[in-house]
Structures are given as structure tokens and as C-alpha cells.
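Everything below belongs to coords-v3.txt, which stores compact mmCIF, C-alpha atoms.
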```txt
# COMPACT_ATOMS: atom_id res chain seq x y z
CA MET A 27 -20.61 -2.60 31.76
CA THR A 28 -22.87 -1.59 28.89
CA LEU A 29 -23.89 1.79 27.55
CA PRO A 30 -26.98 3.46 29.02
CA GLY A 31 -30.14 2.74 27.10
CA GLN A 32 -31.57 6.26 26.94
CA VAL A 33 -29.45 9.40 26.92
CA LEU A 34 -29.95 13.15 26.83
CA VAL A 35 -27.23 15.11 25.00
CA THR A 36 -27.31 18.90 25.11
CA GLY A 37 -25.78 20.79 22.23
CA GLY A 38 -26.46 17.81 19.99
CA GLY A 39 -26.83 19.63 16.69
CA SER A 40 -23.16 19.79 15.73
CA GLY A 41 -19.59 19.19 16.82
CA ILE A 42 -18.91 17.07 19.87
CA GLY A 43 -22.58 16.69 20.85
CA ALA A 44 -23.52 15.36 17.42
CA ALA A 45 -20.58 12.95 17.41
CA ILE A 46 -21.56 11.63 20.85
CA ALA A 47 -25.19 11.16 19.79
CA LEU A 48 -24.26 9.33 16.60
CA GLN A 49 -21.81 7.00 18.34
CA LEU A 50 -24.32 6.20 21.07
CA ALA A 51 -26.96 5.51 18.41
CA ALA A 52 -24.55 3.26 16.53
CA HIS A 53 -24.22 1.17 19.69
CA GLY A 54 -27.98 0.89 20.19
CA SER A 55 -28.73 3.67 22.67
CA ARG A 56 -31.75 5.91 22.19
CA VAL A 57 -30.68 9.54 22.28
CA LEU A 58 -32.59 12.78 22.82
CA ILE A 59 -30.57 15.65 21.37
CA VAL A 60 -31.28 19.19 22.53
CA GLY A 61 -30.34 22.53 21.03
CA ARG A 62 -31.64 25.85 19.76
CA ASP A 63 -31.24 25.20 16.03
CA ALA A 64 -33.99 22.83 14.89
CA ALA A 65 -32.55 22.40 11.39
CA LYS A 66 -29.17 21.26 12.69
CA LEU A 67 -30.77 18.87 15.17
CA HIS A 68 -32.96 17.26 12.52
CA THR A 69 -29.96 16.89 10.19
CA ILE A 70 -28.18 14.83 12.84
CA ALA A 71 -31.29 12.84 13.77
CA ALA A 72 -31.86 11.92 10.12
CA GLN A 73 -28.60 9.94 10.20
CA ALA A 74 -30.06 7.56 12.80
CA PRO A 75 -33.83 8.12 12.82
CA GLN A 76 -34.62 4.97 14.78
CA HIS A 77 -32.34 6.01 17.62
CA ILE A 78 -32.21 9.82 17.78
CA ALA A 79 -35.06 12.15 18.75
CA VAL A 80 -35.01 15.95 18.69
CA LEU A 81 -36.00 18.61 21.20
CA THR A 82 -35.59 22.28 20.32
CA ALA A 83 -35.12 24.24 23.53
CA ASP A 84 -32.92 26.94 25.05
CA LEU A 85 -31.00 25.51 27.98
CA THR A 86 -30.04 28.97 29.26
CA VAL A 87 -33.58 30.02 30.23
CA GLU A 88 -35.83 28.49 32.87
CA ALA A 89 -38.70 27.73 30.49
CA GLY A 90 -36.33 25.88 28.19
CA ARG A 91 -34.91 23.82 31.03
CA ARG A 92 -38.43 22.90 32.19
CA ARG A 93 -39.24 21.58 28.71
CA ILE A 94 -36.00 19.58 28.66
CA VAL A 95 -36.70 18.06 32.08
CA GLU A 96 -40.26 17.10 31.14
CA GLN A 97 -39.16 15.45 27.89
CA ALA A 98 -36.17 13.74 29.50
CA GLN A 99 -38.29 12.19 32.26
CA ALA A 100 -40.77 10.83 29.71
CA PHE A 101 -38.29 9.83 27.01
CA GLY A 102 -38.86 6.31 25.77
CA GLY A 103 -41.65 5.82 28.29
CA SER A 104 -39.35 5.55 31.30
CA GLY A 105 -36.94 8.46 31.02
CA ILE A 106 -33.22 8.92 30.51
CA ASP A 107 -30.43 6.91 32.11
CA ALA A 108 -27.72 9.45 31.36
CA LEU A 109 -27.36 13.23 31.08
CA ILE A 110 -24.49 14.52 28.94
CA ASN A 111 -23.93 18.24 29.51
CA ASN A 112 -22.15 19.23 26.32
CA ALA A 113 -23.77 22.51 25.20
CA GLY A 114 -21.66 25.61 25.58
CA VAL A 115 -20.22 28.70 23.97
CA SER A 116 -16.65 29.74 23.35
CA GLN A 117 -14.82 32.99 24.02
CA HIS A 118 -11.77 34.24 22.15
CA GLY A 119 -10.58 37.65 23.22
CA PHE A 120 -8.82 39.47 26.01
CA PHE A 121 -10.82 39.90 29.19
CA GLU A 122 -10.66 43.70 29.18
CA ASP A 123 -12.29 43.75 25.74
CA LEU A 124 -15.34 41.70 26.75
CA ASP A 125 -18.57 43.45 27.63
CA ALA A 126 -20.78 42.43 30.55
CA ASP A 127 -23.36 40.71 28.34
CA THR A 128 -20.74 38.47 26.72
CA ILE A 129 -19.30 37.52 30.10
CA ALA A 130 -22.77 36.66 31.41
CA GLU A 131 -23.58 34.63 28.28
CA ILE A 132 -20.45 32.50 28.63
CA LEU A 133 -20.89 31.83 32.35
CA THR A 134 -24.59 31.07 31.94
CA ALA A 135 -24.22 28.69 29.00
CA ASN A 136 -21.12 26.87 30.21
CA LEU A 137 -21.66 26.72 33.97
CA LEU A 138 -24.97 27.91 35.38
CA ALA A 139 -27.25 26.21 32.84
CA PRO A 140 -25.72 22.71 33.10
CA VAL A 141 -25.60 22.96 36.89
CA LEU A 142 -29.30 23.89 37.04
CA LEU A 143 -30.28 21.21 34.53
CA THR A 144 -28.38 18.59 36.49
CA ARG A 145 -30.10 19.67 39.70
CA ALA A 146 -33.52 19.46 38.06
CA LEU A 147 -32.89 15.97 36.66
CA LEU A 148 -31.05 14.52 39.63
CA PRO A 149 -34.13 13.10 41.42
CA HIS A 150 -35.06 11.23 38.24
CA LEU A 151 -31.52 9.96 37.74
CA ARG A 152 -31.34 8.87 41.39
CA SER A 153 -34.42 6.73 40.78
CA ARG A 154 -32.74 4.73 38.00
CA ARG A 155 -31.05 1.41 38.62
CA LYS A 156 -27.92 2.86 37.04
CA ALA A 157 -27.41 6.42 35.81
CA HIS A 158 -24.70 8.81 34.65
CA VAL A 159 -23.96 12.52 34.53
CA VAL A 160 -21.22 13.45 32.07
CA ASN A 161 -19.91 17.02 32.04
CA LEU A 162 -17.84 18.19 29.09
CA GLY A 163 -15.10 20.46 30.34
CA SER A 164 -11.87 21.57 28.71
CA ALA A 165 -8.12 21.49 29.13
CA PHE A 166 -8.66 25.21 29.85
CA GLY A 167 -10.54 24.09 32.95
CA PHE A 168 -7.17 23.00 34.35
CA VAL A 169 -4.90 25.61 32.77
CA GLY A 170 -5.99 29.24 32.58
CA TYR A 171 -5.16 30.35 29.06
CA PRO A 172 -4.52 33.92 27.84
CA SER A 173 -7.45 35.20 25.76
CA GLN A 174 -9.76 32.60 27.36
CA ALA A 175 -10.23 34.11 30.83
CA VAL A 176 -14.02 33.82 31.15
CA TYR A 177 -14.19 30.55 29.22
CA SER A 178 -11.50 29.14 31.55
CA ALA A 179 -13.47 30.38 34.57
CA SER A 180 -16.57 28.55 33.35
CA LYS A 181 -14.65 25.33 32.70
CA PHE A 182 -12.76 25.49 36.01
CA GLY A 183 -16.22 25.84 37.56
CA ILE A 184 -17.71 22.84 35.78
CA ARG A 185 -14.71 20.74 36.81
CA GLY A 186 -15.12 21.74 40.46
CA PHE A 187 -18.86 21.08 40.30
CA THR A 188 -18.28 17.63 38.80
CA GLU A 189 -15.69 16.70 41.39
CA ALA A 190 -17.87 17.77 44.31
CA LEU A 191 -21.00 16.13 42.91
CA ARG A 192 -19.15 12.88 42.28
CA ARG A 193 -18.09 12.82 45.93
CA GLU A 194 -21.60 13.69 47.14
CA LEU A 195 -23.11 10.86 45.09
CA SER A 196 -20.54 8.27 46.04
CA GLY A 197 -22.30 5.01 46.90
CA THR A 198 -25.45 5.92 44.94
CA THR A 199 -26.60 4.61 41.57
CA VAL A 200 -25.38 7.76 39.78
CA GLU A 201 -21.86 7.94 38.34
CA VAL A 202 -20.44 11.38 37.56
CA HIS A 203 -17.79 11.93 34.88
CA HIS A 204 -15.69 14.86 33.67
CA ILE A 205 -14.24 14.81 30.15
CA ALA A 206 -11.76 17.54 29.20
CA PRO A 207 -11.05 17.86 25.46
CA ARG A 208 -8.18 19.87 24.05
CA ALA A 209 -8.66 21.90 20.84
CA THR A 210 -11.37 20.18 18.81
CA ARG A 211 -12.46 20.71 15.22
CA THR A 212 -15.98 22.08 15.70
CA PRO A 213 -18.02 24.98 14.28
CA MET A 214 -17.56 26.78 17.61
CA ASN A 215 -13.77 26.75 17.13
CA ALA A 216 -13.71 27.47 13.41
CA GLY A 217 -12.04 30.46 11.81
CA ALA A 218 -9.66 32.46 14.00
CA MET A 219 -9.19 29.67 16.55
CA ASP A 220 -8.27 27.19 13.82
CA ARG A 221 -5.69 29.61 12.45
CA LEU A 222 -4.30 30.33 15.91
CA ASN A 223 -3.96 26.63 16.73
CA ALA A 224 -2.15 26.08 13.44
CA GLN A 225 0.22 28.99 14.14
CA LEU A 226 1.00 27.69 17.64
CA GLY A 227 1.39 24.10 16.47
CA ASN A 228 -1.45 22.87 18.70
CA ARG A 229 -2.92 19.50 17.86
CA VAL A 230 -6.61 19.54 17.03
CA ASP A 231 -8.86 16.50 17.51
CA ALA A 232 -11.89 15.43 15.54
CA PRO A 233 -15.15 15.47 17.55
CA GLU A 234 -15.30 11.70 17.13
CA ARG A 235 -12.25 11.28 19.34
CA VAL A 236 -13.98 13.14 22.16
CA ALA A 237 -17.10 11.04 21.63
CA GLU A 238 -15.05 7.86 21.90
CA THR A 239 -13.67 9.06 25.23
CA VAL A 240 -17.18 9.78 26.52
CA LEU A 241 -18.37 6.30 25.55
CA ASP A 242 -15.30 4.78 27.19
CA ALA A 243 -16.10 6.61 30.43
CA LEU A 244 -19.71 5.41 30.33
CA THR A 245 -18.69 1.78 29.82
CA THR A 246 -15.69 1.64 32.18
CA GLY A 247 -16.84 3.99 34.93
CA ARG A 248 -13.82 6.23 34.43
CA SER A 249 -14.50 9.48 36.27
CA GLU A 250 -11.96 11.83 34.68
CA ALA A 251 -10.27 12.08 31.30
CA VAL A 252 -8.05 14.80 29.84
CA ILE A 253 -7.67 14.19 26.12
CA GLY A 254 -4.32 14.55 24.39
CA TRP A 255 -0.62 14.91 25.01
CA PRO A 256 1.05 17.27 26.03
CA GLU A 257 -2.22 18.64 27.42
CA ARG A 258 -2.34 15.96 30.14
CA LEU A 259 1.20 16.92 31.16
CA PHE A 260 0.32 20.63 31.25
CA THR A 261 -2.72 20.03 33.44
CA ARG A 262 -0.57 18.13 35.94
CA LEU A 263 2.25 20.66 35.87
CA ASN A 264 -0.15 23.55 36.37
CA GLY A 265 -1.36 21.92 39.57
CA VAL A 266 2.08 21.59 41.14
CA LEU A 267 4.40 24.01 39.30
CA PRO A 268 2.25 26.72 37.74
CA SER A 269 5.24 29.02 37.24
CA LEU A 270 6.59 26.62 34.61
CA VAL A 271 3.32 26.78 32.71
CA ASP A 272 3.27 30.58 33.13
CA GLY A 273 6.53 30.84 31.24
CA ALA A 274 5.44 28.57 28.41
CA LEU A 275 2.13 30.35 27.85
CA ILE A 276 3.50 33.87 28.18
CA LYS A 277 5.83 33.07 25.30
CA GLN A 278 2.73 32.50 23.17
CA LEU A 279 1.26 35.94 23.95
CA PRO A 280 2.71 37.77 20.91
CA VAL A 281 1.09 35.24 18.57
CA ILE A 282 -2.22 35.37 20.46
CA ARG A 283 -2.23 39.19 20.40
CA ARG A 284 -1.49 39.26 16.70
CA PHE A 285 -4.46 37.01 15.95
CA ILE A 286 -6.84 38.95 18.18
CA HIS A 287 -5.87 42.52 17.44
CA GLY A 288 -3.59 42.28 14.42
CA GLU A 289 -0.70 43.85 16.31
CA PRO A 290 1.11 43.45 19.64
CA ARG A 291 -0.34 45.16 22.70
CA SER A 292 1.79 46.96 25.23
```
For the structure just supplied, provide its representation as C-alpha cells.
Amino acid sequence: MTLPGQVLVTGGGSGIGAAIALQLAAHGSRVLIVGRDAAKLHTIAAQAPQHIAVLTADLTVEAGRRRIVEQAQAFGGSGIDALINNAGVSQHGFFEDLDADTIAEILTANLLAPVLLTRALLPHLRSRRKAHVVNLGSAFGFVGYPSQAVYSASKFGIRGFTEALRRELSGTTVEVHHIAPRATRTPMNAGAMDRLNAQLGNRVDAPERVAETVLDALTTGRSEAVIGWPERLFTRLNGVLPSLVDGALIKQLPVIRRFIHGEPRS
């Protein structure tokens, strides 16, 4: 199999989305990167100007999604062959400390917006000889992690959506993939999360590693990938023996609390 010729990548201005766009471009794909920060998008596009185009739009609002759909269907004269739902926001804090607006922002950006964009683009993708939908999830979409309750909810949701959609589209021209990174070195995870991962001894990947996994899924047809060890083990254990994972993660709570609040909570 070969890589798709024309690809839409949301959240393409930095981190994982930028790494995916640049690797696709390096292999000859034409890529439309979408995000809210025009300056960041153009910085990435300038690294491969013959292969990367820019669209500034807000995926979380209907008008923004309409613009994305219109541009995606016309991209390169014939439209995209692959949709990579990468854009999202992170949450680091205990659930009881989050306000309603923050909860809504996380669920909208990470779950509702990519689901609605996929629905809007699905007729176009179904019309292609071969097409792909790639949803970027998280190891926290398999393992609910303390201090990541709403983020985990959004990523559990995107994993369930991907699984169901893949089964619905079985036998069609559209392949559906779910990629679940572990901690990744991105602007979204900078600062406190970097320090917490270092304190806990968690391994942190470069965005390029995630991008390589996405390209591998596109070329091999692999439908699911959890990146990293022991994360793959934890995701499996949590499915069959969650009490074992409970114990391991509860032991990390004092460190998590210290990083969030500066002192243990009762």
C-alpha cells in the first residue's frame, strides 16, 4: 500500500499534527493543515511549501467546520483521501476543581468536534477509491488516570467512536484507524506535565514517533496502535484486571497532588 495523496490534518500547527504533516509531505503527500493560529500553521507550511497548504479555522464551531469541509472537498482539485483528527486540548487538574466551561471545552474539542467533522466529510471519503479516517486518541483512552478525568472521558469516547465506525464501514473503501500515544513532548504537555512525567519516571516520546506510527497505519492498514511499553501492558491489564491498575495508579496520587496543589489533599 502507498500513502494517501491528499490529506487533511487538524491541529497541524505544532506538536503531533505538525510532525504528521511534515512526514507526509516528505513522502510526497499533499497536506492541508488546519488550526486556529495562522502564524504557527504558516511556520510549518514554510518547511514544505510545495506540499503543505494552510487553512485557519476553528474546528469547534459550526462555521469553522463548514469552511474545513468546503476546502477539504476541493483540495488539490479532487479533495482529500484521508482525514486525520489530531486537534485537541489537554486537561491537568482534579475533576472537582474544573468549572463547567473547561469541561465543555475539553469534550467539544476532543470528542464532539472530530465526530461532527468526520460525519460531514464521510460522504466525500466514501466516494474515493481508497480513503482513511485516523483518530488520535491516548493511552488515557484505555486507562482512566487521576487528574485527567474529563480528558480520559473524551479519549475513551473517541476510541469507542473509532471502533464502532470501523465496524460500520467494514467492506467499504474507507479504513478507520485509532492511534493512542503515551506522554508526548508537545506544547500542550509542556510545563507542569513535563515535570510530573519526570517525577513519575514516565517515558515521553517525540511527536515524530507518533507521526511514524500514523504513517505505518496508513500504509499497512493497521487499525489500532497503542504506543509505548509499559503503556500497552497497562491498557490490556485495565481491560481484564482493573484492580491491579487501580493499585499502581493510586500509589502515584501523592505525587500528582503535590504537582497540582503543592500539598497533599485529604
**Asked** Interatomic distance between atom CA of A:Arg192 and atom CA of A:Gly103?
**Response**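 Between atom CA of A:Arg192 and atom CA of A:Gly103 the gap works out to 27.4 Å.
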**Asked** Taking into account only C-alpha atoms, which residue in the set A:Gly31, A:Ser173, A:Val266, A:Ala74 is nearest to A:Pro280?
**Response** A:Ser173
**Prompt:** Nearest to A:Gly247 among A:Leu109, A:Ala232, A:Val200, A:Val115, with distances taken over only C-alpha atoms: which residue is it?
**Reply:**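 With only C-alpha atoms as the atom set, the closest residue is A:Val200.
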Taking every listed atom of stretch 250-257 of chain A and adding 3 Å to each side, what centre and edge lengths in Å (one decimal) does the axis-aligned box have, as lines of an AutoDock Vina configuration file?
```
center_x = -5.5
center_y = 15.2
center_z = 29.5
size_x = 19.0
size_y = 12.8
size_z = 16.3
```
**Item:** Neighbour list for A:Asn136 as a VMD selection string, cut-off 12 Å, all atoms listed in the file, skip fewer than 2 positions in-chain
**Value:** chain A and resid 36 to 37 85 to 86 111 to 117 129 to 134 138 to 143 161 to 164 167 176 to 185 187
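Distance annotation: of A:Pro268, A:Gly186, A:Gly254, A:Gly39, the residue with the minimal separation from A:Asp63 is A:Gly39; atom set is only C-alpha atoms.
With atom CA of A:Gly273 on one side and atom CA of A:Phe120 on the other, the separation reads 18.4 Å.
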**Prompt:** What is the distance, in Å and to one decimal place, between atom CA of A:Leu267 and atom CA of A:Phe166?
**Reply:**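 These two atoms are separated by 16.2 Å.
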**Message:** Residues near A:Arg62, anyone? I mean within 7 Å using all atoms listed in the file, not counting same-chain ones fewer than 2 positions away, as a ChimeraX atom specification.
**Reply:** /A:64,82-84
**Request:** Might you pull out every residue within 10 Å of A:Ser104, with all atoms listed in the file counted and same-chain residues fewer than 5 positions away left off, and present them as an MDAnalysis selection string?
**Result:** chainID A and resid 32 98:99 150 154
Selection export as a PDB file, keeping the file's coordinate frame, atoms kept: C-alpha atoms:
```pdb
ATOM      1  CA  GLN A  32     -31.570   6.260  26.940  1.00  0.00           C
ATOM      2  CA  ALA A  98     -36.170  13.740  29.500  1.00  0.00           C
ATOM      3  CA  GLN A  99     -38.290  12.190  32.260  1.00  0.00           C
ATOM      4  CA  HIS A 150     -35.060  11.230  38.240  1.00  0.00           C
ATOM      5  CA  ARG A 154     -32.740   4.730  38.000  1.00  0.00           C
TER       6      ARG A 154
END
```
**Message:** Which polymer residues, whether protein, DNA or RNA, lie within 12 Å of the coordinate (-26.9, -4.0, 20.2) when you count only C-alpha atoms? List them as a PyMOL selection string, using the chain letters and numbers from the file.
**Reply:** chain A and resi 28-31+50-56+77
